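Asker: My structure is stored as my_file36.tsv, with TSV, C-alpha atoms.
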```tsv
chain	number	residue	atom	x	y	z
A	1	MET	CA	123.26	94.77	107.87
A	2	LEU	CA	120.19	92.50	107.69
A	3	GLU	CA	119.75	88.93	106.51
A	4	ILE	CA	116.50	86.96	106.48
A	5	LYS	CA	116.92	83.20	106.10
A	6	ASP	CA	114.08	80.83	105.14
A	7	LEU	CA	111.59	82.79	107.26
A	8	PHE	CA	108.10	81.44	107.97
A	9	VAL	CA	105.82	83.68	110.05
A	10	SER	CA	102.27	83.10	111.30
A	11	ILE	CA	99.55	85.28	112.81
A	12	GLY	CA	97.12	83.25	114.86
A	13	ALA	CA	96.47	80.06	112.91
A	14	LYS	CA	97.41	81.55	109.54
A	15	MET	CA	100.82	81.22	107.92
A	16	VAL	CA	101.50	84.59	106.29
A	17	LEU	CA	105.18	84.48	105.28
A	18	ARG	CA	106.65	81.47	103.55
A	19	ASN	CA	110.33	80.85	102.93
A	20	VAL	CA	111.32	84.53	102.78
A	21	ASN	CA	114.97	85.19	102.01
A	22	LEU	CA	116.36	88.72	101.93
A	23	ARG	CA	119.76	90.34	102.30
A	24	ILE	CA	120.29	94.09	102.75
A	25	GLY	CA	123.87	95.28	102.86
A	26	SER	CA	125.29	98.11	104.92
A	27	GLY	CA	124.45	101.44	103.29
A	28	GLU	CA	121.73	99.95	101.07
A	29	THR	CA	118.07	100.96	100.86
A	30	HIS	CA	115.62	98.47	99.38
A	31	VAL	CA	111.99	98.87	98.32
A	32	LEU	CA	109.27	96.22	98.70
A	33	PHE	CA	106.31	96.07	96.32
A	34	GLY	CA	103.27	93.82	96.41
A	35	PRO	CA	99.46	93.83	96.46
A	36	ASN	CA	97.45	94.30	99.66
A	37	GLY	CA	97.44	91.33	102.02
A	38	THR	CA	100.52	89.67	100.60
A	39	GLY	CA	102.66	89.92	103.76
A	40	LYS	CA	104.76	93.06	103.32
A	41	THR	CA	103.78	94.65	106.63
A	42	THR	CA	104.03	91.28	108.34
A	43	LEU	CA	107.66	91.04	107.26
A	44	LEU	CA	108.51	94.44	108.78
A	45	ASN	CA	106.60	93.64	111.96
A	46	ALA	CA	108.41	90.32	112.29
A	47	ILE	CA	111.78	92.07	111.89
A	48	ALA	CA	110.70	94.61	114.54
A	49	GLY	CA	109.76	91.79	116.91
A	50	ILE	CA	106.08	92.58	117.48
A	51	PRO	CA	104.91	89.62	119.63
A	52	ARG	CA	101.78	88.57	117.70
A	53	TYR	CA	103.92	87.80	114.65
A	54	ILE	CA	105.27	84.33	115.40
A	55	VAL	CA	108.42	83.09	113.68
A	56	GLU	CA	107.68	79.42	113.01
A	57	SER	CA	111.07	78.76	111.44
A	58	GLY	CA	113.99	80.61	109.89
A	59	ASN	CA	116.28	83.32	111.20
A	60	ILE	CA	116.58	87.11	111.33
A	61	ILE	CA	120.22	88.21	111.44
A	62	PHE	CA	121.06	91.85	112.23
A	63	LYS	CA	124.67	93.03	112.08
A	64	GLY	CA	125.81	89.42	112.29
A	65	GLU	CA	123.72	88.65	115.40
A	66	ASP	CA	120.70	86.33	115.45
A	67	ILE	CA	117.83	88.45	116.80
A	68	THR	CA	115.00	86.00	116.01
A	69	GLN	CA	114.11	85.49	119.66
A	70	MET	CA	114.90	89.00	120.92
A	71	THR	CA	112.18	91.26	122.28
A	72	MET	CA	111.03	94.37	120.43
A	73	ASP	CA	112.81	96.77	122.80
A	74	GLU	CA	116.06	94.80	122.52
A	75	ARG	CA	115.93	95.12	118.74
A	76	ALA	CA	115.22	98.85	118.98
A	77	ARG	CA	118.25	99.32	121.23
A	78	LEU	CA	120.39	97.52	118.65
A	79	GLY	CA	119.36	100.14	116.09
A	80	ILE	CA	116.17	98.96	114.36
A	81	GLY	CA	113.54	101.67	113.82
A	82	MET	CA	110.16	101.62	112.12
A	83	ALA	CA	107.57	104.06	110.80
A	84	PHE	CA	104.25	102.27	111.05
A	85	GLN	CA	101.51	102.32	108.45
A	86	ARG	CA	98.82	103.07	111.05
A	87	PRO	CA	100.46	104.12	114.33
A	88	PRO	CA	98.29	104.70	117.40
A	89	ALA	CA	97.41	108.03	118.97
A	90	LEU	CA	98.97	108.42	122.43
A	91	ARG	CA	96.66	110.24	124.80
A	92	GLY	CA	98.44	112.34	127.44
A	93	LEU	CA	101.89	112.27	125.81
A	94	LYS	CA	103.13	115.34	123.94
A	95	LEU	CA	105.23	114.82	120.83
A	96	LYS	CA	108.12	116.93	122.16
A	97	ASP	CA	108.19	114.79	125.32
A	98	LEU	CA	108.24	111.58	123.26
A	99	ILE	CA	111.23	112.91	121.32
A	100	LYS	CA	113.14	113.32	124.59
A	101	ILE	CA	112.11	109.83	125.72
A	102	ILE	CA	113.42	108.41	122.45
A	103	ASN	CA	116.66	110.38	122.64
A	104	PRO	CA	117.41	112.73	125.58
A	105	ASN	CA	120.14	114.38	123.49
A	106	ALA	CA	117.93	115.06	120.47
A	107	ASP	CA	117.64	118.62	119.17
A	108	THR	CA	113.86	118.79	119.39
A	109	VAL	CA	113.52	122.23	117.79
A	110	SER	CA	115.73	121.31	114.83
A	111	ILE	CA	113.87	118.03	114.20
A	112	LEU	CA	110.45	119.67	114.33
A	113	ASN	CA	111.63	122.48	112.04
A	114	LYS	CA	113.00	119.98	109.53
A	115	MET	CA	109.57	118.37	109.15
A	116	ASP	CA	107.74	121.76	109.33
A	117	PHE	CA	106.09	120.39	112.46
A	118	GLN	CA	106.77	123.09	115.06
A	119	GLN	CA	103.10	123.62	115.88
A	120	PHE	CA	102.66	119.95	116.78
A	121	GLY	CA	105.34	119.70	119.48
A	122	ASP	CA	102.90	120.47	122.29
A	123	ARG	CA	100.15	118.24	120.95
A	124	GLU	CA	99.44	114.66	121.98
A	125	VAL	CA	101.18	112.18	119.68
A	126	ASN	CA	99.09	111.55	116.55
A	127	ARG	CA	95.88	112.59	118.33
A	128	GLY	CA	93.66	114.38	115.82
A	129	PHE	CA	96.39	114.33	113.17
A	130	SER	CA	95.53	113.96	109.50
A	131	GLY	CA	96.98	111.04	107.53
A	132	GLY	CA	99.85	113.15	106.22
A	133	GLU	CA	100.52	114.63	109.66
A	134	VAL	CA	100.75	111.14	111.15
A	135	LYS	CA	103.37	110.25	108.54
A	136	ARG	CA	105.42	113.34	109.42
A	137	SER	CA	105.06	112.53	113.12
A	138	GLU	CA	106.55	109.10	112.44
A	139	MET	CA	109.49	110.69	110.63
A	140	VAL	CA	110.05	113.10	113.54
A	141	GLN	CA	110.34	110.13	115.88
A	142	LEU	CA	112.79	108.32	113.59
A	143	LEU	CA	114.93	111.44	113.21
A	144	ALA	CA	115.16	111.51	117.00
A	145	GLN	CA	116.06	107.81	117.20
A	146	GLN	CA	118.53	107.80	114.28
A	147	PRO	CA	118.37	104.00	113.85
A	148	GLY	CA	121.01	102.07	111.95
A	149	PHE	CA	118.28	100.20	110.05
A	150	VAL	CA	115.01	101.96	109.26
A	151	MET	CA	111.78	100.36	108.07
A	152	LEU	CA	109.09	102.52	106.45
A	153	ASP	CA	105.61	101.12	105.88
A	154	GLU	CA	103.97	103.17	103.11
A	155	PRO	CA	105.47	106.55	104.03
A	156	ASP	CA	103.79	108.10	100.96
A	157	SER	CA	100.26	106.92	101.73
A	158	GLY	CA	97.83	109.80	102.22
A	159	VAL	CA	100.56	112.44	101.88
A	160	ASP	CA	100.18	115.47	99.61
A	161	LEU	CA	102.89	116.50	97.15
A	162	GLU	CA	104.27	119.26	99.35
A	163	ASN	CA	104.79	117.01	102.36
A	164	ILE	CA	105.98	113.96	100.47
A	165	LYS	CA	109.08	115.95	99.55
A	166	LEU	CA	109.76	116.59	103.25
A	167	ILE	CA	109.34	112.90	104.00
A	168	GLY	CA	111.65	111.96	101.13
A	169	GLU	CA	114.32	114.34	102.43
A	170	ALA	CA	114.02	112.82	105.91
A	171	ILE	CA	114.38	109.30	104.50
A	172	ASN	CA	117.46	110.40	102.57
A	173	GLN	CA	118.95	111.71	105.80
A	174	LEU	CA	118.08	108.55	107.75
A	175	THR	CA	119.60	106.34	105.05
A	176	GLN	CA	122.56	108.68	104.43
A	177	LYS	CA	121.78	109.23	100.76
A	178	ASN	CA	123.23	112.72	101.13
A	179	ILE	CA	126.77	111.35	101.51
A	180	ARG	CA	129.00	109.22	99.29
A	181	PRO	CA	128.01	105.54	98.94
A	182	LYS	CA	131.27	104.25	100.43
A	183	GLN	CA	130.69	106.33	103.56
A	184	ARG	CA	127.16	105.07	104.22
A	185	THR	CA	126.64	102.77	107.18
A	186	LYS	CA	122.86	102.94	107.59
A	187	SER	CA	120.34	100.86	105.69
A	188	GLY	CA	116.60	100.67	105.19
A	189	ILE	CA	113.59	99.10	103.54
A	190	ILE	CA	110.53	100.94	102.21
A	191	ILE	CA	107.08	99.52	101.46
A	192	THR	CA	105.20	101.45	98.78
A	193	HIS	CA	102.16	100.69	96.64
A	194	PHE	CA	102.36	103.39	94.02
A	195	GLY	CA	106.05	104.27	94.12
A	196	HIS	CA	105.50	108.01	94.69
A	197	ILE	CA	108.17	108.16	97.38
A	198	LEU	CA	110.77	106.89	94.90
A	199	GLU	CA	110.61	110.25	93.15
A	200	TYR	CA	112.05	111.85	96.30
A	201	THR	CA	114.42	109.24	97.70
A	202	LYS	CA	116.98	106.83	96.29
A	203	THR	CA	116.79	103.05	96.54
A	204	ASP	CA	119.31	100.41	95.52
A	205	ARG	CA	117.20	97.30	94.96
A	206	ALA	CA	113.55	96.32	94.70
A	207	HIS	CA	111.63	93.17	95.59
A	208	VAL	CA	108.14	91.94	94.73
A	209	MET	CA	106.19	89.92	97.29
A	210	LEU	CA	103.28	87.69	96.33
A	211	ASP	CA	101.42	85.27	98.61
A	212	GLY	CA	103.91	85.68	101.43
A	213	SER	CA	107.08	85.08	99.42
A	214	ILE	CA	109.57	87.28	97.59
A	215	VAL	CA	109.22	86.22	93.98
A	216	CYS	CA	111.29	88.80	92.13
A	217	SER	CA	114.18	91.19	92.79
A	218	GLY	CA	115.93	93.74	90.64
A	219	ASN	CA	116.34	97.37	89.65
A	220	PRO	CA	113.73	99.58	91.41
A	221	SER	CA	112.81	101.73	88.42
A	222	GLU	CA	112.56	98.76	86.04
A	223	ILE	CA	110.36	96.79	88.43
A	224	LEU	CA	108.11	99.78	89.10
A	225	ASP	CA	107.73	100.41	85.37
A	226	GLN	CA	106.72	96.79	84.81
A	227	ILE	CA	104.22	96.88	87.67
A	228	LYS	CA	102.61	100.00	86.19
A	229	LYS	CA	102.55	98.39	82.76
A	230	SER	CA	101.33	94.88	83.48
A	231	GLY	CA	100.59	94.46	87.20
A	232	TYR	CA	102.44	92.31	89.71
A	233	GLU	CA	101.96	88.97	87.97
A	234	GLY	CA	103.06	90.47	84.68
A	235	CYS	CA	106.07	92.05	86.34
A	236	VAL	CA	107.24	88.70	87.71
A	237	ALA	CA	106.67	86.94	84.39
A	238	CYS	CA	108.63	89.61	82.53
A	239	LEU	CA	111.57	90.19	84.87
A	240	CYS	CA	111.90	86.81	86.56
A	241	PRO	CA	110.78	84.13	84.10
A	242	THR	CA	110.88	80.54	85.34
```
Go ahead and render the structure in this file as structure tokens.

Answerer:
Amino acid sequence: MLEIKDLFVSIGAKMVLRNVNLRIGSGETHVLFGPNGTGKTTLLNAIAGIPRYIVESGNIIFKGEDITQMTMDERARLGIGMAFQRPPALRGLKLKDLIKIINPNADTVSILNKMDFQQFGDREVNRGFSGGEVKRSEMVQLLAQQPGFVMLDEPDSGVDLENIKLIGEAINQLTQKNIRPKQRTKSGIIITHFGHILEYTKTDRAHVMLDGSIVCSGNPSEILDQIKKSGYEGCVACLCPT
């Protein structure tokens, strides 16, 4: 589904990602751990094609096609979707109207009901929303888009226990965790700091990013346990000794 080859990405004059290599198969969902400022969000933004994230070298391959130089809208049309960590508020645009812009055939009522978000359909997108409401708004938009590859930047940040379950269920639907593994065709990657979302959704592989590079990969629960026990540096030393 997605392959990152020797990726170097800069923002302004600063090199943020260095020699990132990552492969996510069809039907797989991966999780990305790492401390603040290490490049996790930069990686997702580079995959999405946000212009200020400059690919200095390397390649982004999606479904066998090199998308490194494609625009953001071209990548979205190919089936890449993203829930942002801090999405903007959109003055003058109602959420229910945005759903129809994303997908004219979307069942708006059903999507809003699924996220217990009916009362927000006539409100401006993310305007005056709480942190948890913003996260649910992002999931509503992804459920309308139904991307083949979904990227979620801290979907559990600022979300209470009641709503994190709703978000987990939506992620499971987007990544087809509710059907047999052999039948799954959609993939995803989730950034999380504390791992709360992993209690409500299933992931196949985990990665640890430090200083702009992926330094360790393995079983999600084992890596999370090691991070909780000894921090990121200790996790790498334990699971991926040099």

Asker: In Å to one decimal, how far is CA of Arg136 (chain A) from CA of Leu174 (chain A)?

Answerer: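 Going from CA of Leu174 (chain A) over to CA of Arg136 (chain A) covers 13.6 Å.
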
Asker: Calculated over all atoms listed in the file, which of the candidates A:Met70, A:Ile24, A:Leu43, A:Ile164 has the smallest distance to Gly132 (chain A)?

Answerer: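 When distances to Gly132 (chain A) are compared using all atoms listed in the file, the smallest one comes from A:Ile164.
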
Asker: Pick out the closest residue to Asp153 (chain A) from this set: A:Ser57, A:Ser10, A:Gln176, A:Asn45. Count all atoms listed in the file.

Answerer: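 Selected residue with least distance to Asp153 (chain A): A:Asn45.
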
Asker: Quick one, how far is CA of Asp156 (chain A) from CA of Ile197 (chain A)?

Answerer: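 Separation between CA of Asp156 (chain A) and CA of Ile197 (chain A): 5.7 Å.
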
Asker: For each of A:Thr71, A:Lys135, A:Leu210, A:Pro87, take the minimum atom-to-atom distance to Arg18 (chain A), counting all atoms listed in the file, then give the residue where this is smallest.

Answerer: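 That would be A:Leu210, the residue with the smallest distance to Arg18 (chain A).
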
Asker: Nearest to Ser157 (chain A): which of A:Ile101, A:Ala170, A:Ala83, A:Val215 is it, counting only C-alpha atoms?

Answerer: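 So, comparing all the options, the nearest one is A:Ala83.
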
Asker: Given the point (114.3, 98.1, 99.6) in the file's coordinates, find the residues that have an atom at most 6 Å from it, counting all atoms listed in the file, and give them as a PyMOL selection string.

Answerer: chain A and resi 29-32+189-190+205-206
